[in-house]
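One structure is given here, and the rest of the page talks about it.
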Amino acid sequence: IAHLHRLLGVDPSISLHDDWQTTSLIASGYAHYRKLDPAQSRKVHLFELSCPKVESIGWTLQEVALQSSAVLGGDASGHEPWFLFPAPAAPGGIWFDGRLQRTERYGLYGVPFLSQRLQRLLVFEAIEELSQALEPFATKQREQHDGDPQASSK
């Protein structure tokens, strides 16, 4: 997916996440909080949507990685299913299982009737607030990673 713009000249994909924590962790990399001038801050805004799974492509990150060699070349057979994603809200990273669709779903071009699907809007006013909100999820993901015999210890 990261190479679609290079391959097609445009990236028509959108990423959808079952867990709000995944989206918020990624968004923390684009956010910045200015304590001296809060008006200049770029806060994390979380939009909870109603988006049926049937509207997504259905591939897992692991499937995309394993199929990538057909387009990009190279050998992806040793691709680890788990990956650690560090971001400002969790500098030590959060573990994600690429074999699960809930980690990331792909859609194309957009979500139809987006404005009618908004369920809830959350705004994180500070990186500390977001980090604290992510901690239980990070713990759960770490426990799942540590309990998976297919997970590497990297």
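Chain labels A, B, ... are given in the sequence in which chains occur in the structure tokens; within each chain residues are numbered consecutively from 1, and ligands are likewise numbered from 1 in the order shown.
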All strand (DSSP E) positions in chain A, as a PyMOL selection string | chain A and resi 13-16+44-49+82-87+90-97+105-108+118-124
Give me the residues within 12 Å of Glu129 (chain A) as a compact mmCIF listing (two decimals) with C-alpha atoms, in the first residue's frame, counting only C-alpha atoms and dropping any in the same chain fewer than 5 places off.
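Saved as part.txt:
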# COMPACT_ATOMS: atom_id res chain seq x y z
CA SER A 24 -4.64 7.49 17.43
CA LEU A 25 -1.12 6.07 17.73
CA SER A 28 0.27 11.11 17.16
CA TYR A 33 1.10 20.40 20.94
CA LYS A 43 -4.24 17.89 17.96
CA VAL A 44 -5.33 14.31 17.39
CA PRO A 88 5.26 10.01 19.89
CA ALA A 89 2.32 8.81 22.00
CA ALA A 90 4.12 5.49 22.68
CA LEU A 122 -12.77 12.71 20.49
CA VAL A 123 -10.06 15.35 20.69
CA PHE A 124 -6.85 14.68 22.60
CA LEU A 134 -3.17 4.16 24.87
CA GLU A 135 -1.47 2.43 27.81
Could you check which of A:Trp95, A:Thr103, A:Ala133, A:Leu16 is closest to Asp146 (chain A), using only C-alpha atoms?
-> A:Trp95
Mind checking which residues fall within 9 Å of Trp20 (chain A), counting only C-alpha atoms, ignoring those fewer than 2 positions away in the same chain, and posting them as a ChimeraX atom specification?
-> /A:17-18,22-25,46-48
Export, as a JSON list (two decimals), in the first residue's frame, the selected residues with N, CA and C atoms.
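Output file part_31.json follows:
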[["chain", "number", "residue", "atom", "x", "y", "z"],
["A", 17, "HIS", "N", -9.27, 1.26, 10.81],
["A", 17, "HIS", "CA", -8.79, 0.49, 11.94],
["A", 17, "HIS", "C", -9.95, 0.16, 12.87],
["A", 18, "ASP", "N", -10.03, -1.10, 13.28],
["A", 18, "ASP", "CA", -11.09, -1.51, 14.20],
["A", 18, "ASP", "C", -10.88, -0.91, 15.59],
["A", 22, "THR", "N", -5.21, 2.24, 17.45],
["A", 22, "THR", "CA", -4.31, 2.13, 16.30],
["A", 22, "THR", "C", -4.27, 3.45, 15.54],
["A", 23, "THR", "N", -5.43, 3.97, 15.23],
["A", 23, "THR", "CA", -5.53, 5.24, 14.51],
["A", 23, "THR", "C", -4.88, 6.37, 15.31],
["A", 24, "SER", "N", -5.15, 6.42, 16.59],
["A", 24, "SER", "CA", -4.64, 7.49, 17.43],
["A", 24, "SER", "C", -3.12, 7.43, 17.57],
["A", 25, "LEU", "N", -2.57, 6.22, 17.66],
["A", 25, "LEU", "CA", -1.12, 6.07, 17.73],
["A", 25, "LEU", "C", -0.48, 6.62, 16.46],
["A", 46, "LEU", "N", -10.11, 12.14, 16.74],
["A", 46, "LEU", "CA", -10.50, 10.78, 16.44],
["A", 46, "LEU", "C", -11.96, 10.75, 16.05],
["A", 47, "PHE", "N", -12.21, 10.30, 14.82],
["A", 47, "PHE", "CA", -13.57, 10.18, 14.31],
["A", 47, "PHE", "C", -13.97, 8.71, 14.36],
["A", 48, "GLU", "N", -14.95, 8.39, 15.18],
["A", 48, "GLU", "CA", -15.46, 7.02, 15.22],
["A", 48, "GLU", "C", -16.60, 6.93, 14.21]]
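Residue nearest Glu143 (chain A), chosen from A:Leu121, A:Ile94, A:Leu61, A:Leu100 and counting only C-alpha atoms: A:Ile94.
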Atom-to-atom span, CA of Gly98 (chain A) and CA of Ser56 (chain A), Å |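 Separating CA of Gly98 (chain A) from CA of Ser56 (chain A) is a distance of 15.9 Å.
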In terms of the shortest atom-to-atom distance over only C-alpha atoms, which of A:Asp37, A:Glu55, A:Asp19, A:Glu63 is closest to Arg102 (chain A)?
-> A:Asp19
Within 10 Å of Arg42 (chain A), counting only C-alpha atoms, which residues show up once you throw out same-chain ones fewer than 2 positions away? Write them as a PyMOL selection string, please.
-> chain A and resi 28+30-34+38-40+44-45+124-126
For the residues selected in the previous step, produce a file with N, CA and C atoms as a compact mmCIF listing (two decimals), in the first residue's frame.
# COMPACT_ATOMS: atom_id res chain seq x y z
N SER A 28 -0.62 10.38 16.24
CA SER A 28 0.27 11.11 17.16
C SER A 28 1.55 11.52 16.46
N TYR A 30 1.69 12.85 13.57
CA TYR A 30 1.39 14.06 12.79
C TYR A 30 1.00 15.23 13.70
N ALA A 31 0.79 14.95 14.96
CA ALA A 31 0.32 15.97 15.90
C ALA A 31 1.50 16.74 16.49
N HIS A 32 1.21 17.93 16.92
CA HIS A 32 2.15 18.67 17.76
C HIS A 32 1.33 19.58 18.68
N TYR A 33 1.80 19.64 19.91
CA TYR A 33 1.10 20.40 20.94
C TYR A 33 1.99 21.55 21.40
N ARG A 34 1.47 22.75 21.31
CA ARG A 34 2.24 23.94 21.71
C ARG A 34 1.61 24.51 22.99
N PRO A 38 -1.44 27.39 22.32
CA PRO A 38 -2.31 26.25 21.99
C PRO A 38 -3.04 26.39 20.66
N ALA A 39 -3.27 27.62 20.20
CA ALA A 39 -3.95 27.81 18.92
C ALA A 39 -3.13 27.27 17.75
N GLN A 40 -1.82 27.16 17.94
CA GLN A 40 -0.93 26.64 16.90
C GLN A 40 -0.74 25.13 16.98
N VAL A 44 -4.76 15.54 17.94
CA VAL A 44 -5.33 14.31 17.39
C VAL A 44 -6.84 14.38 17.54
N HIS A 45 -7.52 14.31 16.40
CA HIS A 45 -8.99 14.24 16.37
C HIS A 45 -9.35 12.82 15.93
N PHE A 124 -7.87 14.81 21.57
CA PHE A 124 -6.85 14.68 22.60
C PHE A 124 -6.12 16.01 22.69
N GLU A 125 -6.20 16.65 23.84
CA GLU A 125 -5.67 18.00 24.03
C GLU A 125 -4.16 18.04 24.29
N ALA A 126 -3.57 16.89 24.62
CA ALA A 126 -2.13 16.84 24.93
C ALA A 126 -1.61 15.44 24.64
Among region 32-146 of chain A, which ones does DSSP assign to alpha helix (DSSP H) (computed from the backbone)? Answer as an mmCIF file with N, CA and C atoms, in the first residue's frame.
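In the end it all went to out19.cif:
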data_model
loop_
_atom_site.group_PDB
_atom_site.id
_atom_site.type_symbol
_atom_site.label_atom_id
_atom_site.label_comp_id
_atom_site.auth_asym_id
_atom_site.auth_seq_id
_atom_site.Cartn_x
_atom_site.Cartn_y
_atom_site.Cartn_z
ATOM 1 N N LEU A 61 -2.443 -7.045 6.687
ATOM 2 C CA LEU A 61 -1.106 -6.503 6.419
ATOM 3 C C LEU A 61 -0.133 -7.618 6.066
ATOM 4 N N GLN A 62 -0.267 -8.758 6.731
ATOM 5 C CA GLN A 62 0.628 -9.887 6.453
ATOM 6 C C GLN A 62 0.426 -10.414 5.030
ATOM 7 N N GLU A 63 -0.818 -10.505 4.589
ATOM 8 C CA GLU A 63 -1.084 -10.957 3.219
ATOM 9 C C GLU A 63 -0.519 -9.975 2.199
ATOM 10 N N VAL A 64 -0.680 -8.689 2.468
ATOM 11 C CA VAL A 64 -0.135 -7.680 1.562
ATOM 12 C C VAL A 64 1.388 -7.812 1.503
ATOM 13 N N ALA A 65 2.020 -7.981 2.646
ATOM 14 C CA ALA A 65 3.481 -8.111 2.684
ATOM 15 C C ALA A 65 3.950 -9.341 1.915
ATOM 16 N N LEU A 66 3.278 -10.451 2.101
ATOM 17 C CA LEU A 66 3.692 -11.685 1.438
ATOM 18 C C LEU A 66 3.461 -11.621 -0.077
ATOM 19 N N GLN A 67 2.464 -10.869 -0.525
ATOM 20 C CA GLN A 67 2.192 -10.733 -1.957
ATOM 21 C C GLN A 67 3.017 -9.639 -2.616
ATOM 22 N N SER A 69 6.157 -9.180 -3.108
ATOM 23 C CA SER A 69 7.299 -9.532 -3.958
ATOM 24 C C SER A 69 6.883 -9.688 -5.424
ATOM 25 N N ALA A 70 5.635 -10.035 -5.697
ATOM 26 C CA ALA A 70 5.164 -10.171 -7.079
ATOM 27 C C ALA A 70 5.200 -8.828 -7.806
ATOM 28 N N VAL A 71 5.049 -7.743 -7.065
ATOM 29 C CA VAL A 71 5.031 -6.413 -7.671
ATOM 30 C C VAL A 71 6.346 -5.677 -7.450
ATOM 31 N N LEU A 72 6.881 -5.797 -6.242
ATOM 32 C CA LEU A 72 8.055 -5.013 -5.869
ATOM 33 C C LEU A 72 9.364 -5.793 -5.955
ATOM 34 N N LEU A 114 -19.912 9.668 4.365
ATOM 35 C CA LEU A 114 -19.071 9.845 5.543
ATOM 36 C C LEU A 114 -19.747 10.684 6.620
ATOM 37 N N SER A 115 -20.319 11.798 6.249
ATOM 38 C CA SER A 115 -20.899 12.705 7.254
ATOM 39 C C SER A 115 -22.054 12.061 8.015
ATOM 40 N N GLN A 116 -22.720 11.084 7.403
ATOM 41 C CA GLN A 116 -23.848 10.424 8.055
ATOM 42 C C GLN A 116 -23.399 9.256 8.929
ATOM 43 N N ARG A 117 -22.124 8.919 8.889
ATOM 44 C CA ARG A 117 -21.625 7.756 9.626
ATOM 45 C C ARG A 117 -20.866 8.109 10.896
ATOM 46 N N ILE A 127 -0.337 15.346 24.310
ATOM 47 C CA ILE A 127 0.275 14.056 24.016
ATOM 48 C C ILE A 127 0.240 13.147 25.246
ATOM 49 N N GLU A 128 0.352 13.738 26.431
ATOM 50 C CA GLU A 128 0.290 12.952 27.669
ATOM 51 C C GLU A 128 -1.083 12.306 27.836
ATOM 52 N N GLU A 129 -2.122 13.040 27.480
ATOM 53 C CA GLU A 129 -3.487 12.509 27.550
ATOM 54 C C GLU A 129 -3.646 11.323 26.602
ATOM 55 N N LEU A 130 -3.120 11.452 25.413
ATOM 56 C CA LEU A 130 -3.190 10.365 24.436
ATOM 57 C C LEU A 130 -2.359 9.171 24.893
ATOM 58 N N SER A 131 -1.156 9.420 25.389
ATOM 59 C CA SER A 131 -0.288 8.331 25.871
ATOM 60 C C SER A 131 -0.972 7.541 26.974
ATOM 61 N N GLN A 132 -1.599 8.246 27.901
ATOM 62 C CA GLN A 132 -2.299 7.593 29.002
ATOM 63 C C GLN A 132 -3.478 6.757 28.484
ATOM 64 N N ALA A 133 -4.191 7.279 27.504
ATOM 65 C CA ALA A 133 -5.336 6.545 26.938
ATOM 66 C C ALA A 133 -4.888 5.282 26.203
ATOM 67 N N LEU A 134 -3.681 5.305 25.630
ATOM 68 C CA LEU A 134 -3.171 4.160 24.868
ATOM 69 C C LEU A 134 -2.569 3.065 25.751
ATOM 70 N N GLU A 135 -2.207 3.376 26.968
ATOM 71 C CA GLU A 135 -1.471 2.428 27.813
ATOM 72 C C GLU A 135 -2.168 1.074 28.004
ATOM 73 N N PRO A 136 -3.477 1.014 28.327
ATOM 74 C CA PRO A 136 -4.115 -0.303 28.469
ATOM 75 C C PRO A 136 -4.064 -1.139 27.179
ATOM 76 N N PHE A 137 -4.225 -0.477 26.048
ATOM 77 C CA PHE A 137 -4.150 -1.163 24.754
ATOM 78 C C PHE A 137 -2.737 -1.682 24.516
ATOM 79 N N ALA A 138 -1.735 -0.865 24.814
ATOM 80 C CA ALA A 138 -0.335 -1.276 24.645
ATOM 81 C C ALA A 138 -0.038 -2.501 25.506
ATOM 82 N N THR A 139 -0.540 -2.515 26.717
ATOM 83 C CA THR A 139 -0.331 -3.658 27.617
ATOM 84 C C THR A 139 -0.984 -4.918 27.055
ATOM 85 N N LYS A 140 -2.218 -4.786 26.588
ATOM 86 C CA LYS A 140 -2.937 -5.939 26.008
ATOM 87 C C LYS A 140 -2.190 -6.483 24.785
ATOM 88 N N GLN A 141 -1.750 -5.584 23.911
ATOM 89 C CA GLN A 141 -1.037 -6.010 22.704
ATOM 90 C C GLN A 141 0.292 -6.698 23.053
ATOM 91 N N ARG A 142 1.012 -6.156 24.031
ATOM 92 C CA ARG A 142 2.283 -6.751 24.469
ATOM 93 C C ARG A 142 2.043 -8.163 25.019
ATOM 94 N N GLU A 143 0.985 -8.340 25.806
ATOM 95 C CA GLU A 143 0.657 -9.654 26.361
ATOM 96 C C GLU A 143 0.308 -10.640 25.250
ATOM 97 N N GLN A 144 -0.439 -10.191 24.237
ATOM 98 C CA GLN A 144 -0.771 -11.070 23.117
ATOM 99 C C GLN A 144 0.482 -11.438 22.328
ATOM 100 N N HIS A 145 1.344 -10.469 22.089
ATOM 101 C CA HIS A 145 2.606 -10.728 21.383
ATOM 102 C C HIS A 145 3.450 -11.734 22.158
ATOM 103 N N ASP A 146 3.618 -11.490 23.453
ATOM 104 C CA ASP A 146 4.472 -12.352 24.279
ATOM 105 C C ASP A 146 3.918 -13.770 24.388
#
Pick out the closest residue to Pro86 (chain A) from this set: A:Ile26, A:Ala151, A:Cys51, A:Ile57. Count only C-alpha atoms.
->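 Using only C-alpha atoms, the shortest distance to Pro86 (chain A) belongs to A:Ile26.
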Would you mind reading off the distance between CA of Gly107 (chain A) and CA of Val54 (chain A), one decimal, in Å?
->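 Those two atoms sit 9.9 Å apart.
Nearest-residue note for Pro149 (chain A): choosing from A:Phe96, A:Glu104, A:Pro81, A:Val111, the minimum distance belongs to A:Pro81, counting only C-alpha atoms.
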How far is it from CA of Lys35 (chain A) to CA of Arg120 (chain A), in Å with one decimal?
->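 Between CA of Lys35 (chain A) and CA of Arg120 (chain A) the gap works out to 26.0 Å.
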